[in-house]
Structures are given as structure tokens and as C-alpha cells.
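Only one structure is covered here, and it is reproduced in the block below.
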Amino acid sequence: MTEAGIVVSWTMNADDWQAVARVLDRAGVEAMVAFARGTKAREPVRFAKFFLKAGWVGLPPKSTKPVASLGKPPHCGHPDCDPITRTRESENDRGIRSLDRCPNCHPNAKGHAA
Ligand SMILES: [Zn+2]
């Protein structure tokens with residue numbers, strides 16, 4: 001984002017971060033940057049949260065993504081597992097959050113019967 005000339009504050013709460021991560025996984029960063037660039041705001045946008053609320057959540061899935069939804073295994077029901085992206089959010093010892101494929105129900109998870 002910063003490389004695209006868009007400098008915004010990424011201060012937001014955990015729920016918003018999860019939403020951003022989901023959009024990133026679904027639509028891709030290119031679509032997010034394109035949307036941010038195309039956004040007309042009266043004042044300079046200082047918070048990435050603005051883009052999130054303004055339209056990132058409505059971005060369509062990127063077309064390059066392989067069509068795997070038909071063969072998706074059923075959601076495992078784990079509370080940390082996102083039923084749409086099939087990823088789990090984890091936090092390492094430095095407090096940095098990341099999304100990992102769910103080992104139980106992600107279509108590309110290792111060990112899952114093909
Ligand atoms: Zn799962």
C-alpha cells in the first residue's frame with residue numbers, strides 16, 4: 001500500500017484487522033489498492049479503516065483464484081476457523097498475528113484426503 005503512494009494509518013482494532021485479512025485473501029491486494037486509489041474523499045484519507053468501511057469489504061473475489069469452492073470440505077466448526085476463508089488467526093510470541101490454513105478443513109491443507 002505504501003509503495004503505491006497511499007500512506008494511511010493502520011490503527012484499527014482486532015476485528016477490523018480480521019476483516020482486512022479476509023478481504024486480502026479474497027480480493028487480493030491489487031484490488032484493494034485499486035479501490036483505495038479510486039476512492040474520492042473530501043479530505044485526505046488518513047486511516048486504512050476508511051477504505052475498509054468504504055468498500056473493501058464489498059470487493060469481488062479475484063478472478064485468478066482457482067475454483068476450489070465446489071470441492072471444499074465442510075467447515076470444521078472450530079471457533080478460530082473462519083468458515084469462508086478456512087483460515088485460523090494465530091499470534092506468535094512477539095504478538096504478531098497471522099492467518100494460517102485450517103489443518104482440518106482448508107481445501108489445500110496437508111493431510112486432507114484428495
Ligand atoms: Zn476449519
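Residues in the C-alpha cells are numbered from 1 in each chain, the chains being A, B, ... in the order shown, and ligands are numbered from 1 in the order shown.
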Contacts of A:Val23 within 12 Å, only C-alpha atoms, excl. fewer than 4 positions in-chain, as a list of chain:residue names: A:Asp16, A:Trp17, A:Gln18, A:Ala19, A:Ala27, A:Gly28, A:Val29, A:Glu30, A:Ala31, A:Met32, A:Val33, A:Phe35, A:Phe51, A:Leu52, A:Lys53, A:Gly55, A:Trp56, A:Val57, A:Gly58, A:Leu59, A:Pro60, A:Pro61, A:Lys62, A:Ile84, A:Thr85
Contacts with ligand 1 at most 7 Å, only C-alpha atoms and all ligand atoms counted, listed as an mmCIF file with all heavy atoms, in the first residue's frame:
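See part.cif below for the written result:
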data_model
loop_
_atom_site.group_PDB
_atom_site.id
_atom_site.type_symbol
_atom_site.label_atom_id
_atom_site.label_comp_id
_atom_site.auth_asym_id
_atom_site.auth_seq_id
_atom_site.Cartn_x
_atom_site.Cartn_y
_atom_site.Cartn_z
ATOM 1 N N HIS A 75 -17.077 -27.141 6.814
ATOM 2 C CA HIS A 75 -16.391 -26.375 7.852
ATOM 3 C C HIS A 75 -16.251 -27.219 9.105
ATOM 4 O O HIS A 75 -17.185 -27.914 9.508
ATOM 5 C CB HIS A 75 -17.203 -25.105 8.154
ATOM 6 C CG HIS A 75 -16.544 -24.205 9.143
ATOM 7 N ND1 HIS A 75 -17.172 -23.772 10.290
ATOM 8 C CD2 HIS A 75 -15.305 -23.666 9.159
ATOM 9 C CE1 HIS A 75 -16.336 -22.999 10.965
ATOM 10 N NE2 HIS A 75 -15.205 -22.911 10.302
ATOM 11 N N CYS A 76 -15.053 -27.119 9.711
ATOM 12 C CA CYS A 76 -14.762 -27.958 10.864
ATOM 13 C C CYS A 76 -15.494 -27.502 12.119
ATOM 14 O O CYS A 76 -15.615 -28.250 13.078
ATOM 15 C CB CYS A 76 -13.254 -27.997 11.113
ATOM 16 S SG CYS A 76 -12.582 -26.404 11.626
ATOM 17 N N GLY A 77 -15.951 -26.243 12.099
ATOM 18 C CA GLY A 77 -16.685 -25.755 13.251
ATOM 19 C C GLY A 77 -15.810 -25.212 14.363
ATOM 20 O O GLY A 77 -16.305 -24.784 15.401
ATOM 21 N N HIS A 78 -14.499 -25.209 14.146
ATOM 22 C CA HIS A 78 -13.593 -24.675 15.161
ATOM 23 C C HIS A 78 -13.836 -23.179 15.329
ATOM 24 O O HIS A 78 -13.972 -22.461 14.347
ATOM 25 C CB HIS A 78 -12.142 -24.936 14.730
ATOM 26 C CG HIS A 78 -11.149 -24.692 15.833
ATOM 27 N ND1 HIS A 78 -10.789 -23.423 16.232
ATOM 28 C CD2 HIS A 78 -10.458 -25.552 16.613
ATOM 29 C CE1 HIS A 78 -9.893 -23.528 17.216
ATOM 30 N NE2 HIS A 78 -9.689 -24.819 17.458
ATOM 31 N N CYS A 81 -11.684 -20.871 13.402
ATOM 32 C CA CYS A 81 -11.625 -21.108 11.963
ATOM 33 C C CYS A 81 -12.689 -20.290 11.253
ATOM 34 O O CYS A 81 -13.862 -20.372 11.593
ATOM 35 C CB CYS A 81 -11.831 -22.597 11.691
ATOM 36 S SG CYS A 81 -11.756 -23.019 9.950
ATOM 37 N N ASP A 82 -12.245 -19.501 10.265
ATOM 38 C CA ASP A 82 -13.192 -18.702 9.506
ATOM 39 C C ASP A 82 -13.894 -19.588 8.494
ATOM 40 O O ASP A 82 -13.246 -20.236 7.675
ATOM 41 C CB ASP A 82 -12.436 -17.577 8.779
ATOM 42 C CG ASP A 82 -13.411 -16.597 8.126
ATOM 43 O OD1 ASP A 82 -14.169 -17.021 7.236
ATOM 44 O OD2 ASP A 82 -13.395 -15.427 8.522
ATOM 45 N N PRO A 83 -15.230 -19.648 8.544
ATOM 46 C CA PRO A 83 -15.965 -20.571 7.669
ATOM 47 C C PRO A 83 -15.840 -20.223 6.197
ATOM 48 O O PRO A 83 -16.117 -21.056 5.332
ATOM 49 C CB PRO A 83 -17.414 -20.442 8.153
ATOM 50 C CG PRO A 83 -17.473 -19.163 8.908
ATOM 51 C CD PRO A 83 -16.114 -18.926 9.463
ATOM 52 N N ARG A 86 -11.493 -20.392 5.608
ATOM 53 C CA ARG A 86 -10.926 -21.618 6.183
ATOM 54 C C ARG A 86 -9.516 -21.373 6.716
ATOM 55 O O ARG A 86 -8.621 -22.191 6.530
ATOM 56 C CB ARG A 86 -10.931 -22.761 5.165
ATOM 57 C CG ARG A 86 -12.304 -23.041 4.616
ATOM 58 C CD ARG A 86 -13.273 -23.474 5.717
ATOM 59 N NE ARG A 86 -14.624 -23.616 5.223
ATOM 60 C CZ ARG A 86 -15.088 -24.718 4.642
ATOM 61 N NH1 ARG A 86 -14.316 -25.759 4.506
ATOM 62 N NH2 ARG A 86 -16.319 -24.769 4.211
ATOM 63 N N THR A 87 -9.340 -20.228 7.321
ATOM 64 C CA THR A 87 -8.051 -19.916 7.925
ATOM 65 C C THR A 87 -8.254 -19.639 9.404
ATOM 66 O O THR A 87 -9.332 -19.238 9.840
ATOM 67 C CB THR A 87 -7.396 -18.690 7.271
ATOM 68 O OG1 THR A 87 -8.321 -17.611 7.256
ATOM 69 C CG2 THR A 87 -6.953 -19.004 5.849
ATOM 70 N N CYS A 102 -6.492 -23.673 7.883
ATOM 71 C CA CYS A 102 -7.016 -24.592 8.881
ATOM 72 C C CYS A 102 -6.595 -26.015 8.517
ATOM 73 O O CYS A 102 -6.816 -26.467 7.394
ATOM 74 C CB CYS A 102 -8.538 -24.505 8.923
ATOM 75 S SG CYS A 102 -9.254 -25.707 10.036
ATOM 76 N N PRO A 103 -5.943 -26.711 9.443
ATOM 77 C CA PRO A 103 -5.486 -28.077 9.149
ATOM 78 C C PRO A 103 -6.635 -29.065 9.000
ATOM 79 O O PRO A 103 -6.454 -30.156 8.464
ATOM 80 C CB PRO A 103 -4.614 -28.422 10.371
ATOM 81 C CG PRO A 103 -5.121 -27.540 11.472
ATOM 82 C CD PRO A 103 -5.611 -26.268 10.805
ATOM 83 N N ASN A 104 -7.801 -28.687 9.440
ATOM 84 C CA ASN A 104 -8.926 -29.622 9.412
ATOM 85 C C ASN A 104 -9.814 -29.484 8.188
ATOM 86 O O ASN A 104 -10.319 -30.478 7.668
ATOM 87 C CB ASN A 104 -9.782 -29.437 10.667
ATOM 88 C CG ASN A 104 -9.040 -29.830 11.919
ATOM 89 O OD1 ASN A 104 -8.124 -30.631 11.877
ATOM 90 N ND2 ASN A 104 -9.410 -29.256 13.038
ATOM 91 N N CYS A 105 -10.003 -28.250 7.723
ATOM 92 C CA CYS A 105 -10.996 -28.094 6.660
ATOM 93 C C CYS A 105 -10.570 -27.196 5.514
ATOM 94 O O CYS A 105 -11.345 -26.956 4.604
ATOM 95 C CB CYS A 105 -12.332 -27.633 7.234
ATOM 96 S SG CYS A 105 -12.326 -25.918 7.804
ATOM 97 N N HIS A 106 -9.326 -26.654 5.518
ATOM 98 C CA HIS A 106 -8.895 -25.873 4.356
ATOM 99 C C HIS A 106 -8.707 -26.822 3.176
ATOM 100 O O HIS A 106 -8.130 -27.894 3.336
ATOM 101 C CB HIS A 106 -7.601 -25.135 4.668
ATOM 102 C CG HIS A 106 -7.253 -24.120 3.609
ATOM 103 N ND1 HIS A 106 -6.710 -24.476 2.392
ATOM 104 C CD2 HIS A 106 -7.380 -22.772 3.579
ATOM 105 C CE1 HIS A 106 -6.529 -23.381 1.671
ATOM 106 N NE2 HIS A 106 -6.931 -22.339 2.370
#
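Among A:Val8, A:Ala48, A:Ala34, A:Ala21, the residue with the shortest atom-to-atom distance to A:Ser98, counting only C-alpha atoms, is A:Ala21.
Interatomic distance, atom CA of A:Glu91 against atom CA of A:Ser9: 21.4 Å.
Separating atom CA of A:Asp93 from atom CA of A:Ala14 is a distance of 16.9 Å.
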Pick out the residues sitting within 10 Å of A:Ser90, and hand them over as a PDB file with N, CA and C atoms, in the first residue's frame; count only C-alpha atoms, and ignore anything fewer than 3 positions along from it in its own chain.
ATOM      1  N   ASP A  80     -11.968 -20.746  16.047  1.00  0.00           N
ATOM      2  CA  ASP A  80     -10.950 -19.871  15.468  1.00  0.00           C
ATOM      3  C   ASP A  80     -10.917 -19.952  13.948  1.00  0.00           C
ATOM      4  N   THR A  87      -9.340 -20.228   7.321  1.00  0.00           N
ATOM      5  CA  THR A  87      -8.051 -19.916   7.925  1.00  0.00           C
ATOM      6  C   THR A  87      -8.254 -19.639   9.404  1.00  0.00           C
ATOM      7  N   GLY A  95       3.614 -11.300  19.417  1.00  0.00           N
ATOM      8  CA  GLY A  95       2.330 -10.625  19.335  1.00  0.00           C
ATOM      9  C   GLY A  95       1.910 -10.283  17.919  1.00  0.00           C
ATOM     10  N   ILE A  96       2.587 -10.883  16.935  1.00  0.00           N
ATOM     11  CA  ILE A  96       2.245 -10.613  15.544  1.00  0.00           C
ATOM     12  C   ILE A  96       1.223 -11.637  15.069  1.00  0.00           C
ATOM     13  N   ARG A  97       0.117 -11.124  14.585  1.00  0.00           N
ATOM     14  CA  ARG A  97      -0.949 -12.018  14.163  1.00  0.00           C
ATOM     15  C   ARG A  97      -0.743 -12.479  12.723  1.00  0.00           C
ATOM     16  N   SER A  98      -1.141 -13.689  12.468  1.00  0.00           N
ATOM     17  CA  SER A  98      -1.076 -14.185  11.099  1.00  0.00           C
ATOM     18  C   SER A  98      -2.211 -15.161  10.879  1.00  0.00           C
ATOM     19  N   LEU A  99      -2.518 -15.374   9.611  1.00  0.00           N
ATOM     20  CA  LEU A  99      -3.564 -16.318   9.267  1.00  0.00           C
ATOM     21  C   LEU A  99      -2.938 -17.583   8.706  1.00  0.00           C
ATOM     22  N   ASP A 100      -3.363 -18.700   9.219  1.00  0.00           N
ATOM     23  CA  ASP A 100      -2.852 -19.979   8.734  1.00  0.00           C
ATOM     24  C   ASP A 100      -4.019 -20.816   8.226  1.00  0.00           C
TER      25      ASP A 100
END
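Take atom CA of A:Pro107 and atom CA of A:Asp15: the distance between them is 24.4 Å.
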